[in-house]
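These notes concern the structure reproduced below.
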Amino acid sequence: MPDAVPPALIYLLGALIVPFLRGRFRQIFALAVPVIGFVNFYLITKGVHWKVELLEFELILGRADGWSLLFLHIFTVISFVGVLYILKDNVALDLSAGLLYAGCAMGAVMAGDLITLFFFWEMLTVGAVLCLLARKTPSSGSAAKRYLLVHVFGGVVLLGGLVLHLAAGGSTAFDKIELSGVGPWLMFLGFGINCAWPIVGAWLTDTYPEASIGGLIFMATFTTKTAVYVLARTFPGEPVLLWIGVVMIVLPLFYAVIENDLRRVLAYCLVNQVGFMVVGIGLGTTLSLNGTAAHAYCHVLYKALLFMAIGSVLYRTGKSKATELGGLARSMPATCLFCCIGALSISAPLFAGFVGKSMIFSASASGGHGTIFLVLLFGAAGAFLMAGIKVPFFTFFNRDSGIRCEEAPINQLLAMGTVAAISLLVGTFPHQVLYPMLPDLSVSYEPYTVGHVTDQILFLLFSGLAFTLMLRAGWYPSEIRATNLDADWLYRKGGPLFYRLADKSLNAINAAVGRRFLGKFVPGVTNFFESGGPRLACFIMTPIWAFQRLTPEETDAARHSVFRRARHGAFPIGITAFFAVILLGLLSLLMRF
Amino acid sequence: MPSPKPSPHGTPDSPAPRRLFTLLAGACGFFLLLDLVFRLTGFDKHPYLKWEQWPGFYGIAAFVACLLLVTVSRFLVRPLVKRDEDYYEKSSPDAGGKPDA
């Protein structure tokens, strides 16, 4: 049996080769990369592989254990599905960006040391920026700039933390880190920026809706889930994560209710669901950490499915806003079906979300965290109401928008069908498919108890009932075209404000310095170097000329001659030699003292 | 029988959604009843917290959560954060560099 190679290598090479291929060759090659990735995945054995010596550090490109292999598996699945979804248009930038992004995410989760992790972590940003640029609209261009700005800042924070951590005697081991001292706190924050924590994570809902339809599938999967993975490895059981997670669960939902762009509604729900994972990490028990891993796996599936369904609508109609859509179920019945499966996959029994998220619920309830449990309930109801009901309802049902379009292309339907099938498979047979892959196999969990299933059905039915009643009573806020202020204001408005402030203050200093330095000092220096020599020469020569009894006119002529000769560098050799002798004489005199 | 009137969302109150609504309400009632039966017969649902044993707890929790979420969003969050759709484009240097004349 051949040996496995680092999965990142396959994808990065693939991303490099894709732009050089044309037509059908490019399509076949792009799809072959994730297929090879899959074969490679099954060749990887548990343990530590692919060590590389670099300077004094040992880089580990492959640490294969329950955690990393679970994330590697779902990343491989999504890389295949994502490439399949965008295969028809065959855009080199889209395909290449997706493969590069996937490769970096895989490199990060397989990393066995912090330096390798940092490298791939930073490269993730490149993948995401390319996914944004692939949309090729002016607003996606500016979104790419904002994305880059925030993530370069995050990268610097992480690098600063890493350097301080190593300088303080910390090891490069990618394992649990004590959250004490400036270094680990900066690393914690650096990871949190990618994890879309409150305020620092505003980049997510700001930029994701601007991505290309395929790029968004990759973006929704790789950056935040890599961050969840890294936090689960480095800071499990940190109590502060509980409260960060709680805010992530609650706050985005309010925005989701009033948001018009349905891709942004899904992005808000993405943050909400990542909040569940962060709470799971914060609880830090084996059950909650397993729950985080399982939920991450399932969440990637249904979020990708929902983003694909809305992506297909955008592909066919050019619209993704609730005010512009509606009644598309007749035009796009298959897409509608997959969107509804995506909605059910959030938390309905028999689908993926049910067997993943409920572990975090059980972990919080069994740990006696009553308040957290109630927040999780609120978050689950809200997420289902938004991503599960609002998005399909305003797209495919509701009033007829008058749009008549074709069904999504076959490759997009195949991609959605694949994810829907996996979601059903995972949800129906969790003990065969998902649970054997979880990080800690010592805890057993049974999602399908009579009580749990009936409770969950009750939960979902009443969410639906609440939505219907509110809609009929006119209580549900109407969808309107608007921008809702979020923390991205800080860099979208605050950034330019800072720029203007800096412009006013720093440029004033600059101008003052310019006046003093360039206006006075520099001409002075120039003058010194230009006429300092002849002035000195004249200073020495004046007593000699006086001694020679020259008239004032002759003295002036001699002085002019010195200046002229100095400017042209044309002293007679005799005089030059004379000065040289004087200089040497002076030097030899000085040497004596 | 009143004639179909458009709701605020323009959804005609046609018989099909009405049937669906009846179905939904019926299902809610059925599972609420089932939960009550579990409680009365002392069926063990393996609860962790005492609230979980209250009949219909999950249904009521979901209903209250959705109502709370939508109400707060509509009456508190939207008035606070709502701006024009082109709020960021108006003065953005990326949008052509000059504000609309």
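Identifiers in the structure tokens: chain A, B, ... in order shown; residue index from 1 per chain; ligand index from 1 in order shown.
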
Give me the residues within 12 Å of B:Asp84 as a compact mmCIF listing (two decimals) with all heavy atoms, in the first residue's frame, counting only C-alpha atoms and dropping any in the same chain fewer than 3 places off.
```txt
# COMPACT_ATOMS: atom_id res chain seq x y z
N ILE A 480 -37.23 44.91 4.70
CA ILE A 480 -37.02 46.19 4.02
C ILE A 480 -35.57 46.32 3.61
O ILE A 480 -34.69 45.71 4.21
CB ILE A 480 -37.41 47.40 4.91
CG1 ILE A 480 -36.91 47.19 6.33
CG2 ILE A 480 -38.89 47.66 4.87
CD1 ILE A 480 -37.22 48.36 7.23
N ARG A 481 -35.35 47.11 2.58
CA ARG A 481 -33.99 47.34 2.11
C ARG A 481 -33.33 48.31 3.08
O ARG A 481 -33.79 49.42 3.25
CB ARG A 481 -34.02 47.94 0.70
CG ARG A 481 -34.89 47.18 -0.27
CD ARG A 481 -34.96 47.94 -1.57
NE ARG A 481 -33.66 47.90 -2.20
CZ ARG A 481 -33.35 47.03 -3.17
NH1 ARG A 481 -34.23 46.17 -3.60
NH2 ARG A 481 -32.15 47.02 -3.69
N ALA A 482 -32.27 47.85 3.72
CA ALA A 482 -31.58 48.71 4.69
C ALA A 482 -30.20 48.15 4.97
O ALA A 482 -29.90 47.00 4.64
CB ALA A 482 -32.37 48.78 5.98
N THR A 483 -29.36 48.99 5.54
CA THR A 483 -28.09 48.53 6.08
C THR A 483 -28.22 48.55 7.59
O THR A 483 -28.72 49.53 8.14
CB THR A 483 -26.95 49.49 5.66
OG1 THR A 483 -26.84 49.44 4.26
CG2 THR A 483 -25.62 49.07 6.29
N ASN A 484 -27.84 47.47 8.25
CA ASN A 484 -27.91 47.45 9.71
C ASN A 484 -26.51 47.60 10.28
O ASN A 484 -25.61 46.84 9.94
CB ASN A 484 -28.55 46.14 10.18
CG ASN A 484 -29.98 46.04 9.71
OD1 ASN A 484 -30.74 46.99 9.80
ND2 ASN A 484 -30.35 44.89 9.16
N LEU A 485 -26.37 48.59 11.15
CA LEU A 485 -25.05 48.86 11.72
C LEU A 485 -24.60 47.70 12.60
O LEU A 485 -25.35 47.19 13.40
CB LEU A 485 -25.08 50.12 12.57
CG LEU A 485 -25.37 51.43 11.87
CD1 LEU A 485 -25.18 52.57 12.84
CD2 LEU A 485 -24.46 51.61 10.68
N VAL B 81 -30.27 50.31 14.77
CA VAL B 81 -29.18 50.05 13.82
C VAL B 81 -29.53 50.30 12.37
O VAL B 81 -28.66 50.27 11.50
CB VAL B 81 -28.65 48.60 13.95
CG1 VAL B 81 -28.18 48.33 15.36
CG2 VAL B 81 -29.71 47.59 13.53
N TYR B 87 -25.66 53.16 2.90
CA TYR B 87 -24.98 53.89 3.99
C TYR B 87 -23.46 53.87 3.83
O TYR B 87 -22.80 54.90 3.95
CB TYR B 87 -25.38 53.25 5.31
CG TYR B 87 -24.68 53.81 6.53
CD1 TYR B 87 -25.02 55.05 7.04
CD2 TYR B 87 -23.67 53.09 7.18
CE1 TYR B 87 -24.40 55.56 8.15
CE2 TYR B 87 -23.04 53.59 8.29
CZ TYR B 87 -23.41 54.84 8.77
OH TYR B 87 -22.77 55.33 9.88
N TYR B 88 -22.92 52.69 3.55
CA TYR B 88 -21.45 52.58 3.47
C TYR B 88 -20.91 53.06 2.11
O TYR B 88 -19.78 53.50 2.02
CB TYR B 88 -20.99 51.15 3.72
CG TYR B 88 -21.09 50.75 5.16
CD1 TYR B 88 -21.95 49.76 5.57
CD2 TYR B 88 -20.30 51.38 6.12
CE1 TYR B 88 -22.04 49.39 6.90
CE2 TYR B 88 -20.38 51.03 7.45
CZ TYR B 88 -21.25 50.03 7.84
OH TYR B 88 -21.33 49.68 9.16
N GLU B 89 -21.74 52.95 1.07
CA GLU B 89 -21.26 53.31 -0.27
C GLU B 89 -21.15 54.82 -0.41
O GLU B 89 -20.35 55.32 -1.16
CB GLU B 89 -22.18 52.77 -1.35
CG GLU B 89 -21.95 51.30 -1.66
CD GLU B 89 -22.60 50.39 -0.64
OE1 GLU B 89 -23.65 50.79 -0.09
OE2 GLU B 89 -22.06 49.32 -0.34
N LYS B 90 -22.01 55.56 0.34
CA LYS B 90 -22.12 57.00 0.15
C LYS B 90 -20.77 57.70 0.21
O LYS B 90 -20.45 58.52 -0.62
CB LYS B 90 -23.05 57.59 1.20
CG LYS B 90 -24.46 57.77 0.68
CD LYS B 90 -25.28 58.54 1.69
CE LYS B 90 -26.50 57.77 2.11
NZ LYS B 90 -27.11 58.26 3.31
```

For A:Ala267: contacts at 12 Å, only C-alpha atoms, fewer than 6 positions along chain excluded, given as a count of residues only: 35

Near-A:Gly275 list (8 Å; only C-alpha atoms; drop same-chain fewer than 4 positions) as a ChimeraX atom specification: /A:244-249,271,279

Same residues, all heavy atoms, output as a PDB file, in the first residue's frame:
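Below is the file selection_21.pdb, written as the result:
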```
ATOM      1  N   ILE A 244     -18.159  34.202  25.838  1.00  0.00           N
ATOM      2  CA  ILE A 244     -17.970  34.626  24.444  1.00  0.00           C
ATOM      3  C   ILE A 244     -18.963  33.865  23.558  1.00  0.00           C
ATOM      4  O   ILE A 244     -19.637  34.440  22.706  1.00  0.00           O
ATOM      5  CB  ILE A 244     -16.514  34.361  23.992  1.00  0.00           C
ATOM      6  CG1 ILE A 244     -15.554  35.286  24.734  1.00  0.00           C
ATOM      7  CG2 ILE A 244     -16.363  34.540  22.490  1.00  0.00           C
ATOM      8  CD1 ILE A 244     -14.091  34.972  24.528  1.00  0.00           C
ATOM      9  N   GLY A 245     -19.079  32.563  23.815  1.00  0.00           N
ATOM     10  CA  GLY A 245     -20.000  31.728  23.040  1.00  0.00           C
ATOM     11  C   GLY A 245     -21.439  32.176  23.209  1.00  0.00           C
ATOM     12  O   GLY A 245     -22.201  32.237  22.232  1.00  0.00           O
ATOM     13  N   VAL A 246     -21.809  32.535  24.433  1.00  0.00           N
ATOM     14  CA  VAL A 246     -23.187  32.959  24.703  1.00  0.00           C
ATOM     15  C   VAL A 246     -23.529  34.204  23.875  1.00  0.00           C
ATOM     16  O   VAL A 246     -24.583  34.276  23.239  1.00  0.00           O
ATOM     17  CB  VAL A 246     -23.375  33.219  26.215  1.00  0.00           C
ATOM     18  CG1 VAL A 246     -24.595  34.086  26.478  1.00  0.00           C
ATOM     19  CG2 VAL A 246     -23.494  31.901  26.958  1.00  0.00           C
ATOM     20  N   VAL A 247     -22.612  35.175  23.858  1.00  0.00           N
ATOM     21  CA  VAL A 247     -22.876  36.396  23.076  1.00  0.00           C
ATOM     22  C   VAL A 247     -22.961  36.050  21.591  1.00  0.00           C
ATOM     23  O   VAL A 247     -23.806  36.566  20.862  1.00  0.00           O
ATOM     24  CB  VAL A 247     -21.781  37.458  23.340  1.00  0.00           C
ATOM     25  CG1 VAL A 247     -22.031  38.702  22.513  1.00  0.00           C
ATOM     26  CG2 VAL A 247     -21.739  37.815  24.810  1.00  0.00           C
ATOM     27  N   MET A 248     -22.076  35.141  21.137  1.00  0.00           N
ATOM     28  CA  MET A 248     -22.114  34.743  19.724  1.00  0.00           C
ATOM     29  C   MET A 248     -23.433  34.069  19.360  1.00  0.00           C
ATOM     30  O   MET A 248     -23.908  34.178  18.228  1.00  0.00           O
ATOM     31  CB  MET A 248     -20.975  33.757  19.424  1.00  0.00           C
ATOM     32  CG  MET A 248     -19.617  34.387  19.376  1.00  0.00           C
ATOM     33  SD  MET A 248     -18.355  33.132  19.164  1.00  0.00           S
ATOM     34  CE  MET A 248     -18.524  32.765  17.422  1.00  0.00           C
ATOM     35  N   ILE A 249     -24.003  33.354  20.313  1.00  0.00           N
ATOM     36  CA  ILE A 249     -25.257  32.655  20.038  1.00  0.00           C
ATOM     37  C   ILE A 249     -26.411  33.641  19.953  1.00  0.00           C
ATOM     38  O   ILE A 249     -27.250  33.559  19.061  1.00  0.00           O
ATOM     39  CB  ILE A 249     -25.526  31.607  21.145  1.00  0.00           C
ATOM     40  CG1 ILE A 249     -24.585  30.423  20.984  1.00  0.00           C
ATOM     41  CG2 ILE A 249     -26.974  31.132  21.094  1.00  0.00           C
ATOM     42  CD1 ILE A 249     -24.636  29.443  22.126  1.00  0.00           C
ATOM     43  N   VAL A 271     -22.491  32.414  12.587  1.00  0.00           N
ATOM     44  CA  VAL A 271     -21.838  32.884  13.813  1.00  0.00           C
ATOM     45  C   VAL A 271     -22.544  32.281  15.028  1.00  0.00           C
ATOM     46  O   VAL A 271     -21.900  31.809  15.976  1.00  0.00           O
ATOM     47  CB  VAL A 271     -21.854  34.426  13.886  1.00  0.00           C
ATOM     48  CG1 VAL A 271     -21.236  34.909  15.183  1.00  0.00           C
ATOM     49  CG2 VAL A 271     -21.119  35.018  12.705  1.00  0.00           C
ATOM     50  N   VAL A 279     -19.094  27.493  23.086  1.00  0.00           N
ATOM     51  CA  VAL A 279     -19.603  27.095  24.405  1.00  0.00           C
ATOM     52  C   VAL A 279     -19.138  25.677  24.730  1.00  0.00           C
ATOM     53  O   VAL A 279     -18.705  25.397  25.857  1.00  0.00           O
ATOM     54  CB  VAL A 279     -21.146  27.189  24.446  1.00  0.00           C
ATOM     55  CG1 VAL A 279     -21.703  26.452  25.660  1.00  0.00           C
ATOM     56  CG2 VAL A 279     -21.594  28.638  24.474  1.00  0.00           C
TER      57      VAL A 279
END
```

Residues of chain A within 8 Å of chain B, counting only C-alpha atoms, as a ChimeraX atom specification: /A:138-139,142,253-255,257-258,362,365-366,368,370,377-378,381-382,385,398-399,449-452,454-468,470-472,474-478,481-486,492-493
